[in-house]
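Shown next: entry_29.cif, given as mmCIF, C-alpha atoms.
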data_structure
#
loop_
_atom_site.label_atom_id
_atom_site.label_comp_id
_atom_site.auth_asym_id
_atom_site.auth_seq_id
_atom_site.Cartn_x
_atom_site.Cartn_y
_atom_site.Cartn_z
CA MET P 414 -205.68 -24.32 133.15
CA ASN P 415 -202.52 -22.37 132.39
CA GLY P 416 -201.44 -20.20 135.30
CA GLY P 417 -199.03 -18.22 133.15
CA PRO P 418 -195.31 -18.62 132.53
CA SER P 419 -193.84 -21.57 134.41
CA GLY P 420 -191.92 -21.08 137.63
CA PHE P 421 -192.12 -18.13 139.98
CA ASN P 422 -191.31 -15.40 137.46
CA ASN P 423 -192.79 -12.11 138.69
CA ALA P 424 -193.96 -13.88 141.87
CA PRO P 425 -191.22 -13.60 144.53
CA VAL P 426 -193.67 -13.30 147.43
CA THR P 427 -195.50 -16.45 146.37
CA LYS P 428 -192.19 -18.28 146.07
CA ALA P 429 -191.13 -17.24 149.58
CA PHE P 430 -194.49 -18.32 151.02
CA VAL P 431 -194.49 -21.69 149.21
CA VAL P 432 -190.92 -22.44 150.33
CA ALA P 433 -191.71 -21.49 153.94
CA SER P 434 -194.83 -23.67 153.94
CA ALA P 435 -193.02 -26.69 152.46
CA VAL P 436 -189.98 -26.40 154.75
CA LEU P 437 -192.02 -25.99 157.94
CA THR P 438 -194.35 -28.86 157.01
CA LEU P 439 -191.38 -31.18 156.37
CA LEU P 440 -189.62 -30.00 159.53
CA PHE P 441 -192.60 -30.71 161.77
CA GLY P 442 -193.16 -34.03 159.98
CA ILE P 443 -189.56 -35.17 160.52
CA ARG P 444 -189.78 -34.30 164.20
CA GLY P 445 -193.06 -36.19 164.52
CA MET P 446 -195.04 -33.09 165.49
CA SER P 447 -197.51 -33.03 162.61
CA LYS P 448 -200.31 -34.43 164.75
CA ASN P 449 -199.83 -31.61 167.26
CA LEU P 450 -200.42 -28.89 164.68
CA GLY P 451 -203.68 -27.01 164.43
CA LEU P 452 -205.38 -24.55 166.77
CA SER P 453 -207.63 -25.68 169.61
CA TYR P 454 -209.62 -23.97 172.32
CA GLN P 455 -206.88 -24.66 174.89
CA ASP P 456 -204.18 -23.23 172.64
CA ILE P 457 -205.97 -19.88 172.52
CA PHE P 458 -207.81 -19.40 175.80
CA ARG P 459 -206.18 -21.67 178.40
CA TRP P 460 -202.54 -22.29 177.53
CA PRO P 461 -201.66 -19.83 174.75
CA ARG P 462 -198.95 -21.20 172.47
CA LEU P 463 -197.45 -18.71 170.06
CA TRP P 464 -195.55 -21.36 168.09
CA LYS P 465 -198.78 -23.17 167.24
CA LEU P 466 -200.34 -19.92 166.07
CA ILE P 467 -197.42 -19.30 163.70
CA ALA P 468 -197.25 -22.94 162.58
CA SER P 469 -200.95 -22.98 161.78
CA VAL P 470 -200.38 -20.25 159.19
CA PHE P 471 -197.69 -22.11 157.23
CA ALA P 472 -197.39 -25.83 158.03
CA PHE P 473 -199.82 -28.51 156.84
CA SER P 474 -200.45 -31.53 159.04
CA SER P 475 -200.48 -34.21 156.32
CA THR P 476 -198.88 -35.00 152.98
CA PRO P 477 -202.13 -34.88 150.90
CA GLU P 478 -202.93 -31.44 152.32
CA LEU P 479 -199.39 -30.31 151.50
CA MET P 480 -199.65 -31.50 147.88
CA PHE P 481 -203.00 -29.88 147.14
CA GLY P 482 -202.18 -26.77 149.17
CA LEU P 483 -198.87 -26.08 147.42
CA TYR P 484 -200.45 -26.73 144.04
CA LEU P 485 -203.13 -24.10 144.72
CA LEU P 486 -200.63 -21.61 146.16
CA TYR P 487 -198.46 -22.10 143.08
CA TYR P 488 -201.39 -21.56 140.73
CA PHE P 489 -202.63 -18.47 142.57
CA ARG P 490 -199.30 -16.76 141.87
CA VAL P 491 -201.27 -15.35 138.92
CA PHE P 492 -202.75 -12.78 141.35
CA GLU P 493 -199.29 -11.52 142.36
CA ARG P 494 -198.53 -11.00 138.68
CA GLN P 495 -201.85 -9.23 138.24
CA ILE P 496 -201.76 -6.76 141.15
CA GLY P 497 -198.03 -6.67 141.90
CA SER P 498 -195.95 -8.11 144.74
CA ASN P 499 -196.60 -5.22 147.12
CA LYS P 500 -200.39 -5.38 147.03
CA TYR P 501 -200.30 -9.18 146.99
CA SER P 502 -198.24 -9.13 150.19
CA MET P 503 -200.95 -6.99 151.75
CA PHE P 504 -203.55 -9.46 150.50
CA ILE P 505 -201.65 -12.29 152.21
CA VAL P 506 -201.34 -10.46 155.53
CA PHE P 507 -204.98 -9.35 155.48
CA SER P 508 -206.27 -12.83 154.58
CA VAL P 509 -204.14 -14.59 157.20
CA ILE P 510 -204.99 -12.18 160.03
CA ILE P 511 -208.72 -11.92 159.32
CA SER P 512 -209.14 -15.68 158.82
CA LEU P 513 -207.27 -16.33 162.09
CA LEU P 514 -209.59 -13.89 163.91
CA PHE P 515 -212.60 -15.72 162.49
CA GLU P 516 -211.13 -19.06 163.63
CA VAL P 517 -210.51 -17.75 167.14
CA PHE P 518 -214.05 -16.37 167.24
CA ALA P 519 -215.44 -19.74 166.12
CA LEU P 520 -213.46 -21.58 168.82
CA ALA P 521 -214.75 -19.12 171.40
CA LEU P 522 -218.33 -19.79 170.32
CA LEU P 523 -217.90 -23.56 170.28
CA ARG P 524 -216.08 -23.70 173.63
CA ASP P 525 -215.28 -27.32 172.85
CA PRO P 526 -211.98 -28.48 174.42
CA THR P 527 -211.78 -31.32 171.89
CA ALA P 528 -212.18 -29.06 168.83
CA ASN P 529 -208.98 -28.85 166.80
CA LEU P 530 -208.75 -26.89 163.55
CA GLY P 531 -206.66 -27.93 160.57
CA SER P 532 -203.18 -26.47 160.16
CA GLY P 533 -201.86 -24.74 157.05
CA PRO P 534 -202.45 -21.58 154.98
CA TYR P 535 -206.16 -22.29 154.53
CA GLY P 536 -206.96 -18.63 155.04
CA LEU P 537 -204.80 -17.48 152.13
CA ILE P 538 -205.77 -20.34 149.81
CA PHE P 539 -209.52 -20.04 150.21
CA ALA P 540 -209.41 -16.24 150.27
CA SER P 541 -207.78 -16.52 146.82
CA PHE P 542 -210.81 -18.38 145.51
CA VAL P 543 -212.84 -15.16 145.79
CA PRO P 544 -210.83 -13.22 143.15
CA PHE P 545 -210.41 -16.48 141.23
CA TYR P 546 -214.19 -16.75 140.90
CA PHE P 547 -214.80 -13.09 140.01
CA ASP P 548 -211.69 -12.01 138.11
CA ILE P 549 -210.31 -15.01 136.20
CA PRO P 550 -212.33 -15.63 133.02
CA VAL P 551 -213.00 -19.07 131.56
CA SER P 552 -210.79 -19.68 128.53
CA THR P 553 -211.74 -23.27 127.66
CA ARG P 554 -215.01 -25.19 128.00
CA LEU P 555 -215.30 -28.97 127.93
CA ARG P 556 -218.24 -31.30 127.63
CA VAL P 557 -218.11 -34.92 128.80
CA TYR P 558 -221.36 -36.63 127.89
CA SER P 559 -223.99 -34.36 129.45
CA ALA P 560 -221.63 -32.74 131.98
CA HIS P 561 -220.09 -29.35 131.25
CA PHE P 562 -216.64 -28.39 132.53
CA SER P 563 -214.22 -25.49 132.12
CA ASP P 564 -210.52 -25.03 132.65
CA LYS P 565 -211.39 -23.53 136.08
CA THR P 566 -213.14 -26.74 137.13
CA PHE P 567 -209.87 -28.49 137.99
CA ILE P 568 -208.84 -25.69 140.34
CA TYR P 569 -212.22 -25.88 142.07
CA LEU P 570 -211.84 -29.66 142.42
CA ALA P 571 -208.41 -29.27 144.00
CA GLY P 572 -209.88 -26.71 146.40
CA LEU P 573 -212.77 -29.02 147.25
CA GLN P 574 -210.35 -31.84 147.99
CA LEU P 575 -208.41 -29.59 150.37
CA PHE P 576 -211.63 -28.21 151.86
CA LEU P 577 -212.83 -31.73 152.77
CA SER P 578 -209.39 -33.24 153.48
CA SER P 579 -209.82 -33.30 157.26
CA TRP P 580 -213.59 -32.84 157.38
CA LYS P 581 -214.49 -30.54 160.30
CA ARG P 582 -210.85 -29.59 160.91
CA SER P 583 -210.47 -28.23 157.37
CA ILE P 584 -214.00 -27.00 156.60
CA LEU P 585 -214.05 -24.28 159.26
CA PRO P 586 -210.65 -22.75 158.28
CA GLY P 587 -211.77 -22.91 154.64
CA ILE P 588 -214.95 -20.97 155.40
CA CYS P 589 -212.96 -18.41 157.39
CA GLY P 590 -210.62 -17.96 154.42
CA ILE P 591 -213.55 -17.37 152.05
CA LEU P 592 -214.95 -14.75 154.44
CA ALA P 593 -211.56 -13.04 154.62
CA GLY P 594 -211.31 -12.98 150.82
CA SER P 595 -214.81 -11.53 150.58
CA LEU P 596 -213.94 -8.72 153.01
CA TYR P 597 -210.82 -7.93 151.00
CA ARG P 598 -212.88 -7.72 147.83
CA LEU P 599 -215.30 -5.38 149.61
CA ASN P 600 -212.24 -3.18 150.32
CA LEU P 601 -212.69 -3.20 154.09
CA PHE P 602 -210.81 -0.25 155.62
CA GLY P 603 -209.48 0.56 152.13
CA VAL P 604 -207.15 -2.44 152.29
CA ARG P 605 -206.99 -2.83 148.51
CA LYS P 606 -205.11 0.45 148.26
CA ALA P 607 -202.73 -0.27 151.14
CA LYS P 608 -199.07 -1.07 150.46
CA PHE P 609 -196.01 -2.17 152.36
CA PRO P 610 -192.79 -0.13 152.40
CA GLN P 611 -190.84 -0.96 149.27
CA PHE P 612 -187.82 -2.32 151.19
CA VAL P 613 -189.95 -5.23 152.44
CA ILE P 614 -190.77 -6.33 148.89
CA SER P 615 -187.18 -5.76 147.79
CA PHE P 616 -186.00 -8.03 150.60
CA LEU P 617 -188.37 -10.81 149.52
CA SER P 618 -187.29 -10.35 145.91
CA ARG P 619 -183.63 -10.77 146.88
CA LEU P 620 -184.46 -13.93 148.81
CA SER P 621 -186.28 -15.39 145.80
CA ARG P 622 -183.77 -14.24 143.16
CA PRO P 623 -181.85 -17.00 141.31
CA PRO P 624 -178.03 -17.13 141.55
CA SER P 625 -176.27 -14.32 139.68
CA GLY P 626 -174.85 -16.69 137.09
CA SER P 627 -178.22 -18.16 136.16
CA PRO P 628 -179.26 -17.50 132.55
CA HIS P 629 -182.87 -17.35 133.66
CA GLY P 630 -182.40 -14.57 136.21
CA ALA P 631 -184.55 -12.11 134.31
CA THR P 632 -188.23 -12.12 135.00
CA THR P 633 -190.79 -13.08 132.43
CA ARG P 634 -192.16 -9.56 132.29
CA ASN P 635 -188.72 -8.14 131.51
CA VAL P 636 -188.08 -10.79 128.90
CA VAL P 637 -191.38 -10.03 127.23
CA ASN P 638 -190.84 -6.30 127.37
CA ARG P 639 -187.39 -6.64 125.82
CA ALA P 640 -188.38 -9.20 123.22
CA PRO P 641 -186.71 -8.11 119.94
CA THR P 642 -188.66 -7.61 116.78
CA SER P 643 -186.80 -10.42 115.03
CA ARG P 644 -187.94 -12.92 117.66
CA VAL P 645 -191.55 -11.91 117.30
CA GLY P 646 -191.09 -12.19 113.55
CA HIS P 647 -189.78 -15.73 114.00
CA VAL P 648 -192.88 -16.62 115.98
CA GLU P 649 -195.03 -15.12 113.26
CA ARG P 650 -193.36 -17.38 110.73
CA THR P 651 -194.03 -20.37 112.95
CA TYR P 652 -197.66 -19.35 113.41
CA PRO P 653 -198.50 -17.47 110.20
CA THR P 654 -201.13 -14.78 110.36
CA PRO P 655 -204.22 -15.83 108.40
CA MET P 656 -205.01 -13.93 105.24
CA ALA P 657 -208.59 -13.31 106.34
CA PRO P 658 -209.28 -10.05 108.20
CA SER P 659 -208.41 -10.47 111.88
CA VAL P 660 -211.07 -10.26 114.55
CA GLU P 661 -210.33 -7.97 117.48
CA PRO P 662 -209.58 -10.18 120.53
CA PRO P 663 -212.10 -9.96 123.37
CA GLU P 664 -211.01 -7.86 126.32
CA SER P 665 -211.47 -10.80 128.71
CA SER P 666 -208.90 -12.88 126.81
CA ILE P 667 -206.39 -10.03 126.77
CA ALA P 668 -206.93 -9.49 130.50
CA MET P 669 -206.38 -13.19 131.14
CA LEU P 670 -203.00 -13.16 129.40
CA VAL P 671 -202.00 -9.90 131.10
CA SER P 672 -202.85 -11.46 134.48
CA MET P 673 -200.44 -14.27 133.61
CA GLY P 674 -197.61 -11.75 133.38
CA PHE P 675 -197.52 -10.95 129.65
CA GLU P 676 -197.35 -7.43 128.23
CA ARG P 677 -200.73 -6.23 126.98
CA ASN P 678 -199.70 -5.35 123.43
CA LEU P 679 -197.91 -8.67 122.92
CA ALA P 680 -200.90 -10.52 124.37
CA ARG P 681 -203.20 -8.84 121.86
CA GLN P 682 -200.84 -9.63 118.96
CA ALA P 683 -200.63 -13.27 120.01
CA LEU P 684 -204.42 -13.56 120.17
CA VAL P 685 -204.72 -12.06 116.69
CA GLN P 686 -202.18 -14.56 115.34
CA ALA P 687 -203.91 -17.45 117.10
CA ARG P 688 -207.37 -16.35 115.92
CA ASN P 689 -208.44 -15.80 119.54
CA ASP P 690 -207.45 -19.33 120.61
CA MET P 691 -206.22 -18.91 124.20
CA ASN P 692 -204.07 -22.04 124.25
CA ALA P 693 -202.36 -21.20 120.96
CA ALA P 694 -201.83 -17.58 122.03
CA THR P 695 -200.23 -18.73 125.29
CA ASN P 696 -197.90 -21.03 123.36
CA ILE P 697 -196.92 -18.15 121.05
CA LEU P 698 -196.04 -15.94 124.00
CA LEU P 699 -194.12 -18.67 125.81
CA GLU P 700 -192.10 -19.47 122.69
CA ALA P 701 -191.41 -15.77 122.15
CA GLU P 702 -189.88 -15.47 125.64
CA SER P 703 -187.85 -18.69 125.47
CA PRO P 704 -184.13 -18.27 124.65
#

Target encoding structure tokens, full file:
Amino acid sequence: MNGGPSGFNNAPVTKAFVVASAVLTLLFGIRGMSKNLGLSYQDIFRWPRLWKLIASVFAFSSTPELMFGLYLLYYFRVFERQIGSNKYSMFIVFSVIISLLFEVFALALLRDPTANLGSGPYGLIFASFVPFYFDIPVSTRLRVYSAHFSDKTFIYLAGLQLFLSSWKRSILPGICGILAGSLYRLNLFGVRKAKFPQFVISFLSRLSRPPSGSPHGATTRNVVNRAPTSRVGHVERTYPTPMAPSVEPPESSIAMLVSMGFERNLARQALVQARNDMNAATNILLEAESP
């Protein structure tokens, strides 16, 4: 399933989070501390350790978890493009804090000194599956023998692999993340309208910005918005508009492309040219933005 333009265009907060998660996971792994990651009853109620609380938000405890986790975080950058970096930052903070509170509550109920939860941004990842289920439409359906699949199936499979990666250690944080995502969708305390001060997002954007001499410094949204008429005309010559009367693209397909970071009017034009084929329309838009 296409998550939009490649890279972290229009997703500076996601980029910062992915880099932090990867660096901390590698750092703890090099120092041989991966096995010590993860929250336990003692870490919260007997010998509180702040560093483990912070590490549990970012660092994974194994390489397979890191691979699947970063893949899902990278894909879910589509939500930052959809709602903007400011609101997505609030979504991250809300998901992380609420899922951590659920985990602490679960440890308090279990009162098991041997219980140790999995480490990593499970709260954010599995909270993201809630809007993924409700807000991202299916663009492609597949059938293999009698089994039916969609382009969303592969994301669900990656999530299932991460959910079951450490069995009990990963299942409980995954459930807590889903609960946090559900509360965000229910707009608990009006959180969906909350925003951070703009200087916080500007700081993250500067951290994620490519070097000044990079030819790809402009974001995808800016490239699309400034796409000249001649370039769009070139794409039209590559993908000629059929002579038959065009069918108005469905709103769900337009919304899907807009959520990937494309401008609405260009997304509609691409769908018309591609005869409502999502894959072809995505290719048209990607070629239009390429130098």

Identify, on the basis of all atoms listed in the file, every residue whose closest approach to P:Met691 does not exceed 7 Å; exclude the query and any residue fewer than 4 positions from it along the same chain; express the result as a ChimeraX atom specification.
/P:552,684,695

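Put simply, the PyMOL selection byres ((chain P and resi 666-669) around 9) on this file hits Asp548, Ile549, Pro550, Val551, Ser552, Pro662, Pro663, Glu664, Ser665, Leu670, Val671, Ser672, Met673, Arg677, Asn678, Ala680, Arg681, Leu684, Asn689 and Met691 of chain P.
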
In Å to one decimal, how far is atom CA of P:Leu577 from atom CA of P:Pro526?
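Result for atom CA of P:Pro526 versus atom CA of P:Leu577: 21.9 Å, one decimal.
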
Let me know the residues the PyMOL selection byres ((chain P and resi 514) around 12) catches in the file above, as a list in words.
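Output from the PyMOL selection byres ((chain P and resi 514) around 12), applied to this file: Leu452, Ile457, Leu466, Phe507, Ser508, Val509, Ile510, Ile511, Ser512, Leu513, Phe515, Glu516, Val517, Phe518, Ala519, Leu520, Ala521, Gly536, Pro586, Cys589, Gly590, Leu592 and Ala593 of chain P.
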
Under the rule of at most 12 Å, produce a per-residue listing of stretch 416-511 of chain P near stretch 557-570 of chain P: chain, number, name, the closest pair of atoms, and the distance in Å, as a Markdown table, using only C-alpha atoms.
| residue | atom | partner | partner_atom | distance |
| --- | --- | --- | --- | --- |
| P:Gly416 | CA | P:Ile568 | CA | 10.5 |
| P:Phe481 | CA | P:Ile568 | CA | 9.9 |
| P:Gly482 | CA | P:Ile568 | CA | 11.1 |
| P:Tyr484 | CA | P:Ile568 | CA | 9.2 |
| P:Leu485 | CA | P:Ile568 | CA | 7.4 |
| P:Leu486 | CA | P:Ile568 | CA | 10.9 |
| P:Tyr487 | CA | P:Ile568 | CA | 11.3 |
| P:Tyr488 | CA | P:Ile568 | CA | 8.5 |
| P:Phe489 | CA | P:Ile568 | CA | 9.8 |

Atomic separation - atom CA of P:Arg605 relative to atom CA of P:Phe504, Å
7.7 Å

Between atom CA of P:Arg554 and atom CA of P:Leu575, what distance in Å does the model show, to one decimal?
23.7 Å

Give me, as a PyMOL selection string, all polymer residues having an atom no more than 8 Å from P:Phe542, counting all atoms listed in the file and skipping those fewer than 4 positions away in the same chain.
chain P and resi 538+546+591+594

Let me make sure I understand: among P:Phe545, P:Trp580, P:Phe473, P:Phe609, which one has the smallest atom-to-atom distance to P:Ser447 if we use all atoms listed in the file?
P:Phe473

Reconstruct stretch 523-539 of chain P at the level of N, CA, C and O atoms, and format the result as a PDB file, in the frame of the given file.
ATOM      1  N   LEU P 523    -217.728 -22.125 170.064  1.00  0.00           N
ATOM      2  CA  LEU P 523    -217.900 -23.560 170.280  1.00  0.00           C
ATOM      3  C   LEU P 523    -217.574 -23.964 171.705  1.00  0.00           C
ATOM      4  O   LEU P 523    -218.249 -24.823 172.283  1.00  0.00           O
ATOM      5  N   ARG P 524    -216.516 -23.371 172.266  1.00  0.00           N
ATOM      6  CA  ARG P 524    -216.080 -23.700 173.630  1.00  0.00           C
ATOM      7  C   ARG P 524    -215.946 -25.216 173.816  1.00  0.00           C
ATOM      8  O   ARG P 524    -216.320 -25.758 174.858  1.00  0.00           O
ATOM      9  N   ASP P 525    -215.447 -25.861 172.803  1.00  0.00           N
ATOM     10  CA  ASP P 525    -215.280 -27.320 172.850  1.00  0.00           C
ATOM     11  C   ASP P 525    -213.796 -27.639 173.034  1.00  0.00           C
ATOM     12  O   ASP P 525    -212.985 -27.387 172.129  1.00  0.00           O
ATOM     13  N   PRO P 526    -213.408 -28.189 174.190  1.00  0.00           N
ATOM     14  CA  PRO P 526    -211.980 -28.480 174.420  1.00  0.00           C
ATOM     15  C   PRO P 526    -211.414 -29.499 173.435  1.00  0.00           C
ATOM     16  O   PRO P 526    -210.200 -29.558 173.244  1.00  0.00           O
ATOM     17  N   THR P 527    -212.266 -30.301 172.817  1.00  0.00           N
ATOM     18  CA  THR P 527    -211.780 -31.320 171.890  1.00  0.00           C
ATOM     19  C   THR P 527    -211.671 -30.805 170.454  1.00  0.00           C
ATOM     20  O   THR P 527    -211.118 -31.485 169.597  1.00  0.00           O
ATOM     21  N   ALA P 528    -212.208 -29.607 170.186  1.00  0.00           N
ATOM     22  CA  ALA P 528    -212.180 -29.060 168.830  1.00  0.00           C
ATOM     23  C   ALA P 528    -210.750 -28.690 168.451  1.00  0.00           C
ATOM     24  O   ALA P 528    -210.029 -28.040 169.223  1.00  0.00           O
ATOM     25  N   ASN P 529    -210.334 -29.120 167.281  1.00  0.00           N
ATOM     26  CA  ASN P 529    -208.980 -28.850 166.800  1.00  0.00           C
ATOM     27  C   ASN P 529    -209.058 -28.530 165.313  1.00  0.00           C
ATOM     28  O   ASN P 529    -209.473 -29.377 164.511  1.00  0.00           O
ATOM     29  N   LEU P 530    -208.660 -27.321 164.942  1.00  0.00           N
ATOM     30  CA  LEU P 530    -208.750 -26.890 163.550  1.00  0.00           C
ATOM     31  C   LEU P 530    -207.547 -27.376 162.751  1.00  0.00           C
ATOM     32  O   LEU P 530    -206.475 -27.613 163.296  1.00  0.00           O
ATOM     33  N   GLY P 531    -207.737 -27.502 161.450  1.00  0.00           N
ATOM     34  CA  GLY P 531    -206.660 -27.930 160.570  1.00  0.00           C
ATOM     35  C   GLY P 531    -205.558 -26.885 160.493  1.00  0.00           C
ATOM     36  O   GLY P 531    -205.787 -25.688 160.656  1.00  0.00           O
ATOM     37  N   SER P 532    -204.334 -27.351 160.235  1.00  0.00           N
ATOM     38  CA  SER P 532    -203.180 -26.470 160.160  1.00  0.00           C
ATOM     39  C   SER P 532    -202.781 -26.256 158.701  1.00  0.00           C
ATOM     40  O   SER P 532    -202.905 -27.160 157.878  1.00  0.00           O
ATOM     41  N   GLY P 533    -202.296 -25.062 158.400  1.00  0.00           N
ATOM     42  CA  GLY P 533    -201.860 -24.740 157.050  1.00  0.00           C
ATOM     43  C   GLY P 533    -202.449 -23.408 156.602  1.00  0.00           C
ATOM     44  O   GLY P 533    -203.337 -22.850 157.261  1.00  0.00           O
ATOM     45  N   PRO P 534    -201.979 -22.879 155.470  1.00  0.00           N
ATOM     46  CA  PRO P 534    -202.450 -21.580 154.980  1.00  0.00           C
ATOM     47  C   PRO P 534    -203.829 -21.651 154.331  1.00  0.00           C
ATOM     48  O   PRO P 534    -204.025 -21.215 153.193  1.00  0.00           O
ATOM     49  N   TYR P 535    -204.798 -22.215 155.054  1.00  0.00           N
ATOM     50  CA  TYR P 535    -206.160 -22.290 154.530  1.00  0.00           C
ATOM     51  C   TYR P 535    -206.735 -20.905 154.282  1.00  0.00           C
ATOM     52  O   TYR P 535    -207.474 -20.690 153.318  1.00  0.00           O
ATOM     53  N   GLY P 536    -206.418 -19.976 155.185  1.00  0.00           N
ATOM     54  CA  GLY P 536    -206.960 -18.630 155.040  1.00  0.00           C
ATOM     55  C   GLY P 536    -206.561 -17.999 153.718  1.00  0.00           C
ATOM     56  O   GLY P 536    -207.406 -17.469 152.990  1.00  0.00           O
ATOM     57  N   LEU P 537    -205.274 -18.070 153.382  1.00  0.00           N
ATOM     58  CA  LEU P 537    -204.800 -17.480 152.130  1.00  0.00           C
ATOM     59  C   LEU P 537    -205.351 -18.223 150.921  1.00  0.00           C
ATOM     60  O   LEU P 537    -205.792 -17.601 149.948  1.00  0.00           O
ATOM     61  N   ILE P 538    -205.333 -19.554 150.969  1.00  0.00           N
ATOM     62  CA  ILE P 538    -205.770 -20.340 149.810  1.00  0.00           C
ATOM     63  C   ILE P 538    -207.228 -20.089 149.484  1.00  0.00           C
ATOM     64  O   ILE P 538    -207.588 -19.812 148.329  1.00  0.00           O
ATOM     65  N   PHE P 539    -208.093 -20.169 150.488  1.00  0.00           N
ATOM     66  CA  PHE P 539    -209.520 -20.040 150.210  1.00  0.00           C
ATOM     67  C   PHE P 539    -209.933 -18.576 150.045  1.00  0.00           C
ATOM     68  O   PHE P 539    -210.950 -18.301 149.402  1.00  0.00           O
TER      69      PHE P 539
END
